[in-house]
>>> print(open('run_9.pdb').read())   # PDB, C-alpha atoms, pLDDT in the B column
ATOM      1  CA  PRO A   5     -11.363   7.300   6.017  1.00 89.00           C
ATOM      2  CA  THR A   6      -7.634   6.701   6.018  1.00 95.00           C
ATOM      3  CA  VAL A   7      -4.975   8.727   4.205  1.00 97.00           C
ATOM      4  CA  ARG A   8      -1.805   6.971   3.055  1.00 98.00           C
ATOM      5  CA  ILE A   9       1.273   9.198   3.065  1.00 98.00           C
ATOM      6  CA  VAL A  10       4.279   7.950   1.100  1.00 97.00           C
ATOM      7  CA  MET A  11       7.410   9.554   2.499  1.00 97.00           C
ATOM      8  CA  SER A  12      10.387  10.546   0.346  1.00 96.00           C
ATOM      9  CA  LYS A  13      13.853   9.316   1.259  1.00 95.00           C
ATOM     10  CA  GLU A  14      15.272  12.813   0.700  1.00 95.00           C
ATOM     11  CA  ILE A  15      13.054  14.265   3.450  1.00 95.00           C
ATOM     12  CA  ASP A  16      13.697  13.766   7.164  1.00 95.00           C
ATOM     13  CA  ALA A  17      10.849  12.240   9.101  1.00 96.00           C
ATOM     14  CA  SER A  18      10.711  15.309  11.362  1.00 96.00           C
ATOM     15  CA  ASP A  19       9.870  17.470   8.358  1.00 97.00           C
ATOM     16  CA  TYR A  20       6.624  15.555   7.958  1.00 98.00           C
ATOM     17  CA  ALA A  21       5.340  16.284  11.461  1.00 98.00           C
ATOM     18  CA  THR A  22       3.216  19.313  10.582  1.00 98.00           C
ATOM     19  CA  LEU A  23       1.626  17.603   7.585  1.00 97.00           C
ATOM     20  CA  PHE A  24       0.846  14.435   9.540  1.00 98.00           C
ATOM     21  CA  SER A  25      -0.528  16.427  12.467  1.00 98.00           C
ATOM     22  CA  GLN A  26      -2.875  18.481  10.322  1.00 98.00           C
ATOM     23  CA  ILE A  27      -4.184  15.512   8.348  1.00 97.00           C
ATOM     24  CA  HIS A  28      -4.604  13.404  11.476  1.00 98.00           C
ATOM     25  CA  GLU A  29      -7.031  15.968  12.850  1.00 98.00           C
ATOM     26  CA  VAL A  30      -9.618  14.855  10.277  1.00 97.00           C
ATOM     27  CA  THR A  31      -8.732  11.267   9.336  1.00 97.00           C
ATOM     28  CA  TYR A  32      -6.687   8.184  10.153  1.00 98.00           C
ATOM     29  CA  VAL A  33      -3.152   8.102   8.747  1.00 98.00           C
ATOM     30  CA  MET A  34      -1.123   5.244   7.298  1.00 98.00           C
ATOM     31  CA  ALA A  35       2.558   6.081   6.969  1.00 98.00           C
ATOM     32  CA  CYS A  36       4.807   4.541   4.329  1.00 98.00           C
ATOM     33  CA  PRO A  37       8.348   5.528   5.374  1.00 98.00           C
ATOM     34  CA  VAL A  38       9.950   3.618   2.452  1.00 98.00           C
ATOM     35  CA  ASP A  39       8.405   3.299  -1.002  1.00 96.00           C
ATOM     36  CA  SER A  40       9.455   0.261  -3.030  1.00 97.00           C
ATOM     37  CA  TRP A  41      11.453   2.461  -5.405  1.00 95.00           C
ATOM     38  CA  ASP A  42      13.541   3.616  -2.433  1.00 96.00           C
ATOM     39  CA  MET A  43      13.999   0.199  -0.823  1.00 95.00           C
ATOM     40  CA  SER A  44      17.509  -0.336  -2.194  1.00 94.00           C
ATOM     41  CA  SER A  45      18.632   3.011  -0.721  1.00 95.00           C
ATOM     42  CA  TYR A  46      18.598   1.228   2.651  1.00 95.00           C
ATOM     43  CA  GLU A  47      21.288  -1.360   2.062  1.00 93.00           C
ATOM     44  CA  ASN A  48      20.678  -3.618   5.034  1.00 96.00           C
ATOM     45  CA  GLU A  49      18.376  -4.353   7.954  1.00 97.00           C
ATOM     46  CA  GLN A  50      19.964  -1.768  10.238  1.00 98.00           C
ATOM     47  CA  ALA A  51      19.618   1.111   7.797  1.00 97.00           C
ATOM     48  CA  TYR A  52      16.009   0.170   7.090  1.00 98.00           C
ATOM     49  CA  LEU A  53      15.236  -0.169  10.797  1.00 98.00           C
ATOM     50  CA  GLU A  54      16.721   3.240  11.533  1.00 98.00           C
ATOM     51  CA  ARG A  55      14.406   4.854   8.980  1.00 97.00           C
ATOM     52  CA  PHE A  56      11.422   3.402  10.813  1.00 98.00           C
ATOM     53  CA  GLN A  57      12.779   4.281  14.228  1.00 98.00           C
ATOM     54  CA  ASP A  58      13.281   7.887  13.142  1.00 97.00           C
ATOM     55  CA  ALA A  59       9.817   8.065  11.629  1.00 98.00           C
ATOM     56  CA  TYR A  60       8.129   6.466  14.626  1.00 98.00           C
ATOM     57  CA  SER A  61       9.871   8.730  17.131  1.00 98.00           C
ATOM     58  CA  VAL A  62       8.377  11.900  15.639  1.00 98.00           C
ATOM     59  CA  LEU A  63       5.230  10.742  13.840  1.00 98.00           C
ATOM     60  CA  LYS A  64       3.737   8.244  16.286  1.00 98.00           C
ATOM     61  CA  PRO A  65       1.160  10.723  17.699  1.00 98.00           C
ATOM     62  CA  TYR A  66      -0.316  11.187  14.228  1.00 98.00           C
ATOM     63  CA  THR A  67       0.010   7.706  12.700  1.00 98.00           C
ATOM     64  CA  ASP A  68      -2.497   4.881  13.085  1.00 98.00           C
ATOM     65  CA  LEU A  69      -0.907   2.330  10.770  1.00 98.00           C
ATOM     66  CA  TRP A  70       2.642   1.708   9.534  1.00 98.00           C
ATOM     67  CA  GLU A  71       3.367   0.211   6.119  1.00 98.00           C
ATOM     68  CA  ILE A  72       6.478  -1.806   6.929  1.00 98.00           C
ATOM     69  CA  GLY A  73       7.012  -3.008   3.371  1.00 98.00           C
ATOM     70  CA  ASN A  74       5.802  -1.715   0.005  1.00 98.00           C
ATOM     71  CA  GLU A  75       5.551  -3.950  -3.077  1.00 98.00           C
ATOM     72  CA  ILE A  76       8.297  -6.113  -1.625  1.00 98.00           C
ATOM     73  CA  ASN A  77       8.060  -8.734  -4.390  1.00 97.00           C
ATOM     74  CA  GLY A  78       8.954  -6.056  -6.945  1.00 94.00           C
ATOM     75  CA  VAL A  79      12.536  -7.278  -7.129  1.00 93.00           C
ATOM     76  CA  GLU A  80      12.829  -6.070 -10.719  1.00 91.00           C
ATOM     77  CA  TRP A  81      12.841  -2.421  -9.652  1.00 92.00           C
ATOM     78  CA  ILE A  82      13.947  -2.825  -6.051  1.00 93.00           C
ATOM     79  CA  GLY A  83      17.214  -4.358  -7.210  1.00 92.00           C
ATOM     80  CA  GLN A  84      17.893  -6.501  -4.137  1.00 94.00           C
ATOM     81  CA  ASP A  85      17.496 -10.201  -3.551  1.00 95.00           C
ATOM     82  CA  PRO A  86      14.266 -11.364  -1.875  1.00 96.00           C
ATOM     83  CA  GLU A  87      16.058 -12.643   1.229  1.00 96.00           C
ATOM     84  CA  MET A  88      17.472  -9.216   2.040  1.00 97.00           C
ATOM     85  CA  ILE A  89      14.189  -7.457   1.284  1.00 97.00           C
ATOM     86  CA  VAL A  90      12.248  -9.749   3.599  1.00 97.00           C
ATOM     87  CA  LYS A  91      14.839  -9.455   6.383  1.00 97.00           C
ATOM     88  CA  LYS A  92      14.514  -5.661   6.286  1.00 98.00           C
ATOM     89  CA  VAL A  93      10.727  -5.852   6.424  1.00 98.00           C
ATOM     90  CA  GLU A  94      10.828  -8.309   9.309  1.00 98.00           C
ATOM     91  CA  VAL A  95      12.983  -6.074  11.495  1.00 98.00           C
ATOM     92  CA  ALA A  96      10.729  -3.077  10.801  1.00 98.00           C
ATOM     93  CA  ASN A  97       7.632  -5.125  11.580  1.00 98.00           C
ATOM     94  CA  THR A  98       9.109  -6.451  14.815  1.00 98.00           C
ATOM     95  CA  TYR A  99      10.080  -2.950  15.918  1.00 98.00           C
ATOM     96  CA  ILE A 100       6.756  -1.275  15.138  1.00 98.00           C
ATOM     97  CA  ARG A 101       4.730  -4.055  16.754  1.00 98.00           C
ATOM     98  CA  SER A 102       6.982  -3.947  19.823  1.00 98.00           C
ATOM     99  CA  GLN A 103       5.774  -0.371  20.274  1.00 98.00           C
ATOM    100  CA  GLY A 104       2.174  -1.550  20.319  1.00 98.00           C
ATOM    101  CA  ALA A 105       1.442  -0.096  16.877  1.00 98.00           C
ATOM    102  CA  LYS A 106      -0.291  -1.707  13.879  1.00 98.00           C
ATOM    103  CA  THR A 107       1.463  -2.726  10.675  1.00 98.00           C
ATOM    104  CA  ALA A 108       0.591  -3.266   7.027  1.00 98.00           C
ATOM    105  CA  LEU A 109       2.431  -5.142   4.289  1.00 98.00           C
ATOM    106  CA  THR A 110       1.830  -4.407   0.594  1.00 98.00           C
ATOM    107  CA  MET A 111       2.457  -6.917  -2.171  1.00 98.00           C
ATOM    108  CA  TYR A 112       2.480  -6.139  -5.900  1.00 98.00           C
ATOM    109  CA  TYR A 113       0.123  -8.119  -8.130  1.00 98.00           C
ATOM    110  CA  ALA A 114       1.101  -8.745 -11.749  1.00 97.00           C
ATOM    111  CA  ARG A 115      -0.225 -10.885 -14.566  1.00 95.00           C
ATOM    112  CA  PRO A 116       0.427 -14.494 -13.510  1.00 93.00           C
ATOM    113  CA  GLU A 117       2.596 -15.076 -16.591  1.00 93.00           C
ATOM    114  CA  ASP A 118       4.861 -12.241 -15.431  1.00 95.00           C
ATOM    115  CA  GLN A 119       5.052 -13.237 -11.782  1.00 95.00           C
ATOM    116  CA  ASP A 120       3.120 -15.728  -9.674  1.00 97.00           C
ATOM    117  CA  LEU A 121       2.537 -13.731  -6.493  1.00 98.00           C
ATOM    118  CA  PHE A 122       1.454 -16.744  -4.472  1.00 98.00           C
ATOM    119  CA  GLN A 123       4.474 -18.787  -5.477  1.00 97.00           C
ATOM    120  CA  TRP A 124       6.718 -15.840  -4.574  1.00 97.00           C
ATOM    121  CA  MET A 125       5.132 -15.515  -1.143  1.00 98.00           C
ATOM    122  CA  THR A 126       5.409 -19.250  -0.504  1.00 98.00           C
ATOM    123  CA  GLU A 127       9.095 -19.219  -1.415  1.00 98.00           C
ATOM    124  CA  ASN A 128      10.099 -16.021   0.368  1.00 98.00           C
ATOM    125  CA  LEU A 129       7.815 -15.017   3.240  1.00 98.00           C
ATOM    126  CA  SER A 130       8.253 -16.468   6.707  1.00 96.00           C
ATOM    127  CA  GLU A 131       5.449 -17.351   9.095  1.00 96.00           C
ATOM    128  CA  ASN A 132       6.942 -14.763  11.427  1.00 94.00           C
ATOM    129  CA  LEU A 133       5.866 -12.161   8.892  1.00 97.00           C
ATOM    130  CA  THR A 134       2.664 -13.595   7.424  1.00 98.00           C
ATOM    131  CA  GLU A 135       1.202 -14.292  10.854  1.00 98.00           C
ATOM    132  CA  ASN A 136       2.178 -10.976  12.429  1.00 98.00           C
ATOM    133  CA  VAL A 137       0.833  -8.152  10.289  1.00 98.00           C
ATOM    134  CA  ASP A 138      -2.472  -6.417  10.901  1.00 98.00           C
ATOM    135  CA  PHE A 139      -3.179  -5.583   7.265  1.00 98.00           C
ATOM    136  CA  ALA A 140      -2.068  -7.318   4.062  1.00 98.00           C
ATOM    137  CA  LEU A 141      -2.598  -5.212   0.965  1.00 98.00           C
ATOM    138  CA  ILE A 142      -2.312  -5.609  -2.800  1.00 98.00           C
ATOM    139  CA  SER A 143      -0.949  -2.962  -5.125  1.00 98.00           C
ATOM    140  CA  TYR A 144      -2.307  -3.277  -8.659  1.00 98.00           C
ATOM    141  CA  TYR A 145      -2.130  -1.124 -11.773  1.00 97.00           C
ATOM    142  CA  GLU A 146      -4.065  -2.210 -14.844  1.00 97.00           C
ATOM    143  CA  ASP A 147      -2.026   0.164 -17.010  1.00 96.00           C
ATOM    144  CA  ASP A 148       1.209  -1.599 -16.052  1.00 95.00           C
ATOM    145  CA  ASN A 149      -0.257  -5.007 -16.843  1.00 95.00           C
ATOM    146  CA  GLY A 150      -1.651  -4.570 -20.340  1.00 94.00           C
ATOM    147  CA  GLY A 151      -5.168  -3.882 -19.093  1.00 95.00           C
ATOM    148  CA  TYR A 152      -5.365  -7.317 -17.446  1.00 96.00           C
ATOM    149  CA  LEU A 153      -8.347  -7.585 -15.067  1.00 96.00           C
ATOM    150  CA  PRO A 154      -7.800 -10.156 -12.300  1.00 97.00           C
ATOM    151  CA  ASP A 155     -10.737 -11.973 -10.715  1.00 97.00           C
ATOM    152  CA  TRP A 156     -10.445 -10.514  -7.235  1.00 98.00           C
ATOM    153  CA  SER A 157     -13.171 -12.822  -5.902  1.00 98.00           C
ATOM    154  CA  LEU A 158     -10.700 -15.671  -6.440  1.00 98.00           C
ATOM    155  CA  ILE A 159      -7.516 -13.840  -5.466  1.00 98.00           C
ATOM    156  CA  PHE A 160      -8.463 -12.259  -2.157  1.00 98.00           C
ATOM    157  CA  PRO A 161      -9.701 -15.449  -0.425  1.00 98.00           C
ATOM    158  CA  ASP A 162      -6.356 -17.084  -1.263  1.00 98.00           C
ATOM    159  CA  PHE A 163      -4.535 -13.945  -0.141  1.00 98.00           C
ATOM    160  CA  GLU A 164      -6.362 -14.103   3.205  1.00 98.00           C
ATOM    161  CA  ALA A 165      -5.149 -17.667   3.641  1.00 98.00           C
ATOM    162  CA  VAL A 166      -1.532 -16.495   3.389  1.00 98.00           C
ATOM    163  CA  PHE A 167      -2.103 -13.860   6.087  1.00 98.00           C
ATOM    164  CA  PRO A 168      -4.470 -15.597   8.524  1.00 97.00           C
ATOM    165  CA  GLY A 169      -4.657 -12.804  11.092  1.00 96.00           C
ATOM    166  CA  ALA A 170      -4.769  -9.819   8.759  1.00 98.00           C
ATOM    167  CA  LYS A 171      -7.444  -7.699   7.188  1.00 98.00           C
ATOM    168  CA  VAL A 172      -6.924  -7.393   3.442  1.00 98.00           C
ATOM    169  CA  GLY A 173      -7.465  -4.794   0.749  1.00 98.00           C
ATOM    170  CA  PHE A 174      -5.788  -2.684  -1.899  1.00 98.00           C
ATOM    171  CA  GLY A 175      -2.694  -0.704  -0.965  1.00 98.00           C
ATOM    172  CA  GLU A 176      -2.398   1.141  -4.283  1.00 97.00           C
ATOM    173  CA  CYS A 177      -4.322   1.558  -7.508  1.00 97.00           C
ATOM    174  CA  GLY A 178      -4.738   4.213 -10.158  1.00 96.00           C
ATOM    175  CA  ASN A 179      -5.075   5.126 -13.814  1.00 97.00           C
ATOM    176  CA  THR A 180      -1.462   6.126 -14.472  1.00 94.00           C
ATOM    177  CA  ALA A 181      -1.233   5.751 -18.263  1.00 96.00           C
ATOM    178  CA  ASP A 182       0.056   8.752 -20.195  1.00 94.00           C
ATOM    179  CA  ASP A 183      -3.162   8.811 -22.207  1.00 96.00           C
ATOM    180  CA  ALA A 184      -5.469   8.516 -19.190  1.00 97.00           C
ATOM    181  CA  THR A 185      -8.497  10.805 -19.381  1.00 97.00           C
ATOM    182  CA  GLU A 186     -10.874  12.155 -16.797  1.00 96.00           C
ATOM    183  CA  SER A 187     -13.436   9.632 -18.012  1.00 97.00           C
ATOM    184  CA  SER A 188     -11.047   6.670 -17.764  1.00 97.00           C
ATOM    185  CA  LYS A 189      -9.954   7.744 -14.284  1.00 97.00           C
ATOM    186  CA  ILE A 190     -13.558   7.996 -13.112  1.00 97.00           C
ATOM    187  CA  HIS A 191     -14.373   4.557 -14.519  1.00 96.00           C
ATOM    188  CA  MET A 192     -11.330   2.915 -12.943  1.00 96.00           C
ATOM    189  CA  ALA A 193     -11.733   4.653  -9.593  1.00 96.00           C
ATOM    190  CA  HIS A 194     -15.325   3.447  -9.404  1.00 96.00           C
ATOM    191  CA  SER A 195     -14.345  -0.139 -10.196  1.00 96.00           C
ATOM    192  CA  TYR A 196     -12.008  -0.281  -7.202  1.00 96.00           C
ATOM    193  CA  TYR A 197     -13.595   1.954  -4.594  1.00 96.00           C
ATOM    194  CA  ALA A 198     -17.098   0.562  -5.181  1.00 95.00           C
ATOM    195  CA  MET A 199     -15.981  -3.059  -5.544  1.00 95.00           C
ATOM    196  CA  LYS A 200     -18.241  -5.675  -4.046  1.00 94.00           C
ATOM    197  CA  LYS A 201     -16.507  -7.259  -1.056  1.00 96.00           C
ATOM    198  CA  PRO A 202     -14.469 -10.132  -2.571  1.00 97.00           C
ATOM    199  CA  SER A 203     -13.520 -11.883   0.683  1.00 98.00           C
ATOM    200  CA  ASP A 204     -14.463 -12.048   4.353  1.00 97.00           C
ATOM    201  CA  ARG A 205     -11.737  -9.765   5.726  1.00 98.00           C
ATOM    202  CA  TYR A 206     -11.660  -7.269   2.849  1.00 98.00           C
ATOM    203  CA  ILE A 207     -11.642  -3.639   4.030  1.00 96.00           C
ATOM    204  CA  GLY A 208     -11.166  -1.684   0.795  1.00 95.00           C
ATOM    205  CA  GLY A 209      -8.261   0.713   1.014  1.00 95.00           C
ATOM    206  CA  CYS A 210      -7.452   1.390  -2.657  1.00 95.00           C
ATOM    207  CA  PHE A 211      -5.346   4.552  -2.071  1.00 96.00           C
ATOM    208  CA  TRP A 212      -5.408   6.187  -5.497  1.00 96.00           C
ATOM    209  CA  TRP A 213      -1.735   6.740  -6.383  1.00 95.00           C
ATOM    210  CA  ASN A 214      -2.136  10.052  -8.228  1.00 95.00           C
ATOM    211  CA  TRP A 215      -4.456  11.551  -5.646  1.00 95.00           C
ATOM    212  CA  VAL A 216      -2.718  14.919  -5.485  1.00 93.00           C
ATOM    213  CA  GLN A 217      -2.532  15.245  -9.267  1.00 95.00           C
ATOM    214  CA  ASP A 218      -6.079  13.978  -9.900  1.00 96.00           C
ATOM    215  CA  CYS A 219      -8.073  15.172  -6.903  1.00 95.00           C
ATOM    216  CA  VAL A 220      -6.539  18.455  -5.692  1.00 95.00           C
ATOM    217  CA  PRO A 221      -8.120  20.928  -5.680  1.00 94.00           C
ATOM    218  CA  HIS A 222     -11.289  18.957  -5.002  1.00 94.00           C
ATOM    219  CA  GLU A 223     -13.844  21.639  -5.841  1.00 96.00           C
ATOM    220  CA  GLU A 224     -15.738  20.760  -9.045  1.00 94.00           C
ATOM    221  CA  ASN A 225     -13.403  17.813  -9.494  1.00 96.00           C
ATOM    222  CA  GLU A 226     -15.145  14.832 -11.092  1.00 96.00           C
ATOM    223  CA  VAL A 227     -12.501  12.261 -10.118  1.00 97.00           C
ATOM    224  CA  PHE A 228     -12.639  13.356  -6.482  1.00 96.00           C
ATOM    225  CA  ASP A 229     -16.444  13.316  -6.556  1.00 96.00           C
ATOM    226  CA  GLU A 230     -16.534   9.781  -7.963  1.00 96.00           C
ATOM    227  CA  ILE A 231     -14.129   8.425  -5.347  1.00 95.00           C
ATOM    228  CA  ASN A 232     -16.133  10.137  -2.631  1.00 93.00           C
ATOM    229  CA  ARG A 233     -19.403   8.685  -3.956  1.00 93.00           C
ATOM    230  CA  ALA A 234     -17.931   5.215  -4.350  1.00 93.00           C
ATOM    231  CA  MET A 235     -16.534   5.189  -0.814  1.00 89.00           C
ATOM    232  CA  THR A 236     -19.925   6.051   0.641  1.00 84.00           C
ATOM    233  CA  THR A 237     -22.108   3.816  -1.543  1.00 78.00           C
ATOM    234  CA  LYS A 238     -19.887   0.770  -2.139  1.00 61.00           C
ATOM    235  CA  GLU A 239     -21.452  -2.652  -2.524  1.00 52.00           C
ATOM    236  CA  GLN A 240     -21.334  -5.047   0.401  1.00 48.00           C
TER
END
>>> encode(input="run_9.pdb", output="structure tokens")
Amino acid sequence: PTVRIVMSKEIDASDYATLFSQIHEVTYVMACPVDSWDMSSYENEQAYLERFQDAYSVLKPYTDLWEIGNEINGVEWIGQDPEMIVKKVEVANTYIRSQGAKTALTMYYARPEDQDLFQWMTENLSENLTENVDFALISYYEDDNGGYLPDWSLIFPDFEAVFPGAKVGFGECGNTADDATESSKIHMAHSYYAMKKPSDRYIGGCFWWNWVQDCVPHEENEVFDEINRAMTTKEQ
């Protein structure tokens, strides 16, 4: 399995070393040095690059995959223009790959009437980026999209075409509604973690957003148990 660790901008990368080291003893680690909500805190390419350089310098022994951009089409909450966002992601991707490390890029999927993800990618992503990431991931929250259920068997093949050299999957999901119940969380977790493979290069991922809140402690925890079962018995 792989654990995704989203780092907070208020915390120095060096302060994560013990956590990363301990987790890496039992699983692979994907680091997300900058969450989409923090993207605008790094005003330009240099500031963004420095965050990744700092993180890589101390966390490289414990990190197998670097998320160089999170929900980068979420301009509504990022608050920067797409050109600047993409430039920042490109410099981080170039740096991490120059170190011989693997990178992941996460896009946010919304109801097509709210944002056409594929149009956004066509208009804003360069071939330098789409052809040079190891993993391309989709973040999706049903609760934020009126319960809309996309047909992933149609979406992921098209998503693979945008990123011809990348493996694809989910970078985030979760039942985050205020009225979410244990039963609704179990149902939603199963639908993602046990999903039948929708495209050739699909690798799963999922990365339940509220993992700490919903799955810790894990003893006698039904949400944890369902995710664990789904990961080990998923359809092919």
>>> residues_around(input="run_9.pdb", residues="Phe160 (chain A)", least_positions_apart="2", cutoff="10 Å", atoms="all atoms listed in the file", output="PyMOL selection string")
chain A and resi 141-142+155-158+162-166+172-174+201-206
>>> closest_residue(input="run_9.pdb", among="A:Trp81, A:Tyr196, A:Phe56, A:Tyr145", to="Tyr113 (chain A)", atoms="all atoms listed in the file")
A:Tyr145
>>> atom_distance(input="run_9.pdb", atom1="CA of Glu176 (chain A)", atom2="CA of Glu75 (chain A)")
9.5 Å
>>> atom_distance(input="run_9.pdb", atom1="CA of Asp147 (chain A)", atom2="CA of Cys210 (chain A)")
15.4 Å
>>> resolve_selection(input="run_9.pdb", expression="the PyMOL selection byres ((chain A and resi 9) around 7)", output="ChimeraX atom specification")
/A:7-8,10-11,34-36
>>> decode(input="run_9.pdb", residues="region 156-176 of chain A", atoms="N, CA and C atoms", output="mmCIF file, in the first residue's frame")
data_model
loop_
_atom_site.group_PDB
_atom_site.id
_atom_site.type_symbol
_atom_site.label_atom_id
_atom_site.label_comp_id
_atom_site.auth_asym_id
_atom_site.auth_seq_id
_atom_site.Cartn_x
_atom_site.Cartn_y
_atom_site.Cartn_z
ATOM 1 N N TRP A 156 -16.848 6.545 -14.642
ATOM 2 C CA TRP A 156 -15.380 6.491 -14.666
ATOM 3 C C TRP A 156 -14.853 5.624 -15.803
ATOM 4 N N SER A 157 -15.675 4.697 -16.301
ATOM 5 C CA SER A 157 -15.232 3.855 -17.417
ATOM 6 C C SER A 157 -15.113 4.657 -18.703
ATOM 7 N N LEU A 158 -15.737 5.827 -18.745
ATOM 8 C CA LEU A 158 -15.576 6.741 -19.880
ATOM 9 C C LEU A 158 -14.511 7.787 -19.604
ATOM 10 N N ILE A 159 -14.397 8.217 -18.365
ATOM 11 C CA ILE A 159 -13.495 9.317 -18.017
ATOM 12 C C ILE A 159 -12.037 8.877 -17.996
ATOM 13 N N PHE A 160 -11.744 7.756 -17.369
ATOM 14 C CA PHE A 160 -10.335 7.389 -17.215
ATOM 15 C C PHE A 160 -9.630 7.047 -18.532
ATOM 16 N N PRO A 161 -10.260 6.386 -19.494
ATOM 17 C CA PRO A 161 -9.564 6.203 -20.779
ATOM 18 C C PRO A 161 -9.188 7.526 -21.438
ATOM 19 N N ASP A 162 -10.075 8.519 -21.374
ATOM 20 C CA ASP A 162 -9.754 9.839 -21.925
ATOM 21 C C ASP A 162 -8.661 10.525 -21.107
ATOM 22 N N PHE A 163 -8.687 10.317 -19.810
ATOM 23 C CA PHE A 163 -7.670 10.896 -18.930
ATOM 24 C C PHE A 163 -6.301 10.294 -19.245
ATOM 25 N N GLU A 164 -6.265 8.992 -19.512
ATOM 26 C CA GLU A 164 -5.005 8.346 -19.907
ATOM 27 C C GLU A 164 -4.449 8.964 -21.190
ATOM 28 N N ALA A 165 -5.326 9.311 -22.095
ATOM 29 C CA ALA A 165 -4.880 9.881 -23.370
ATOM 30 C C ALA A 165 -4.188 11.220 -23.173
ATOM 31 N N VAL A 166 -4.582 11.968 -22.156
ATOM 32 C CA VAL A 166 -3.961 13.260 -21.869
ATOM 33 C C VAL A 166 -2.555 13.061 -21.296
ATOM 34 N N PHE A 167 -2.385 11.987 -20.534
ATOM 35 C CA PHE A 167 -1.101 11.702 -19.883
ATOM 36 C C PHE A 167 -0.584 10.351 -20.393
ATOM 37 N N PRO A 168 -0.006 10.330 -21.579
ATOM 38 C CA PRO A 168 0.288 9.065 -22.267
ATOM 39 C C PRO A 168 1.304 8.168 -21.573
ATOM 40 N N GLY A 169 2.146 8.722 -20.723
ATOM 41 C CA GLY A 169 3.153 7.887 -20.069
ATOM 42 C C GLY A 169 2.870 7.612 -18.610
ATOM 43 N N ALA A 170 1.698 8.017 -18.131
ATOM 44 C CA ALA A 170 1.420 7.950 -16.698
ATOM 45 C C ALA A 170 0.446 6.835 -16.342
ATOM 46 N N LYS A 171 0.612 6.313 -15.141
ATOM 47 C CA LYS A 171 -0.416 5.481 -14.542
ATOM 48 C C LYS A 171 -1.458 6.422 -13.944
ATOM 49 N N VAL A 172 -2.706 5.972 -13.889
ATOM 50 C CA VAL A 172 -3.782 6.852 -13.451
ATOM 51 C C VAL A 172 -4.546 6.245 -12.284
ATOM 52 N N GLY A 173 -5.251 7.107 -11.555
ATOM 53 C CA GLY A 173 -6.036 6.643 -10.423
ATOM 54 C C GLY A 173 -6.678 7.820 -9.724
ATOM 55 N N PHE A 174 -7.170 7.562 -8.520
ATOM 56 C CA PHE A 174 -7.744 8.618 -7.692
ATOM 57 C C PHE A 174 -6.690 9.149 -6.727
ATOM 58 N N GLY A 175 -6.626 10.485 -6.618
ATOM 59 C CA GLY A 175 -5.700 11.098 -5.683
ATOM 60 C C GLY A 175 -6.360 11.493 -4.375
ATOM 61 N N GLU A 176 -7.684 11.624 -4.402
ATOM 62 C CA GLU A 176 -8.455 11.945 -3.194
ATOM 63 C C GLU A 176 -9.892 11.491 -3.400
#
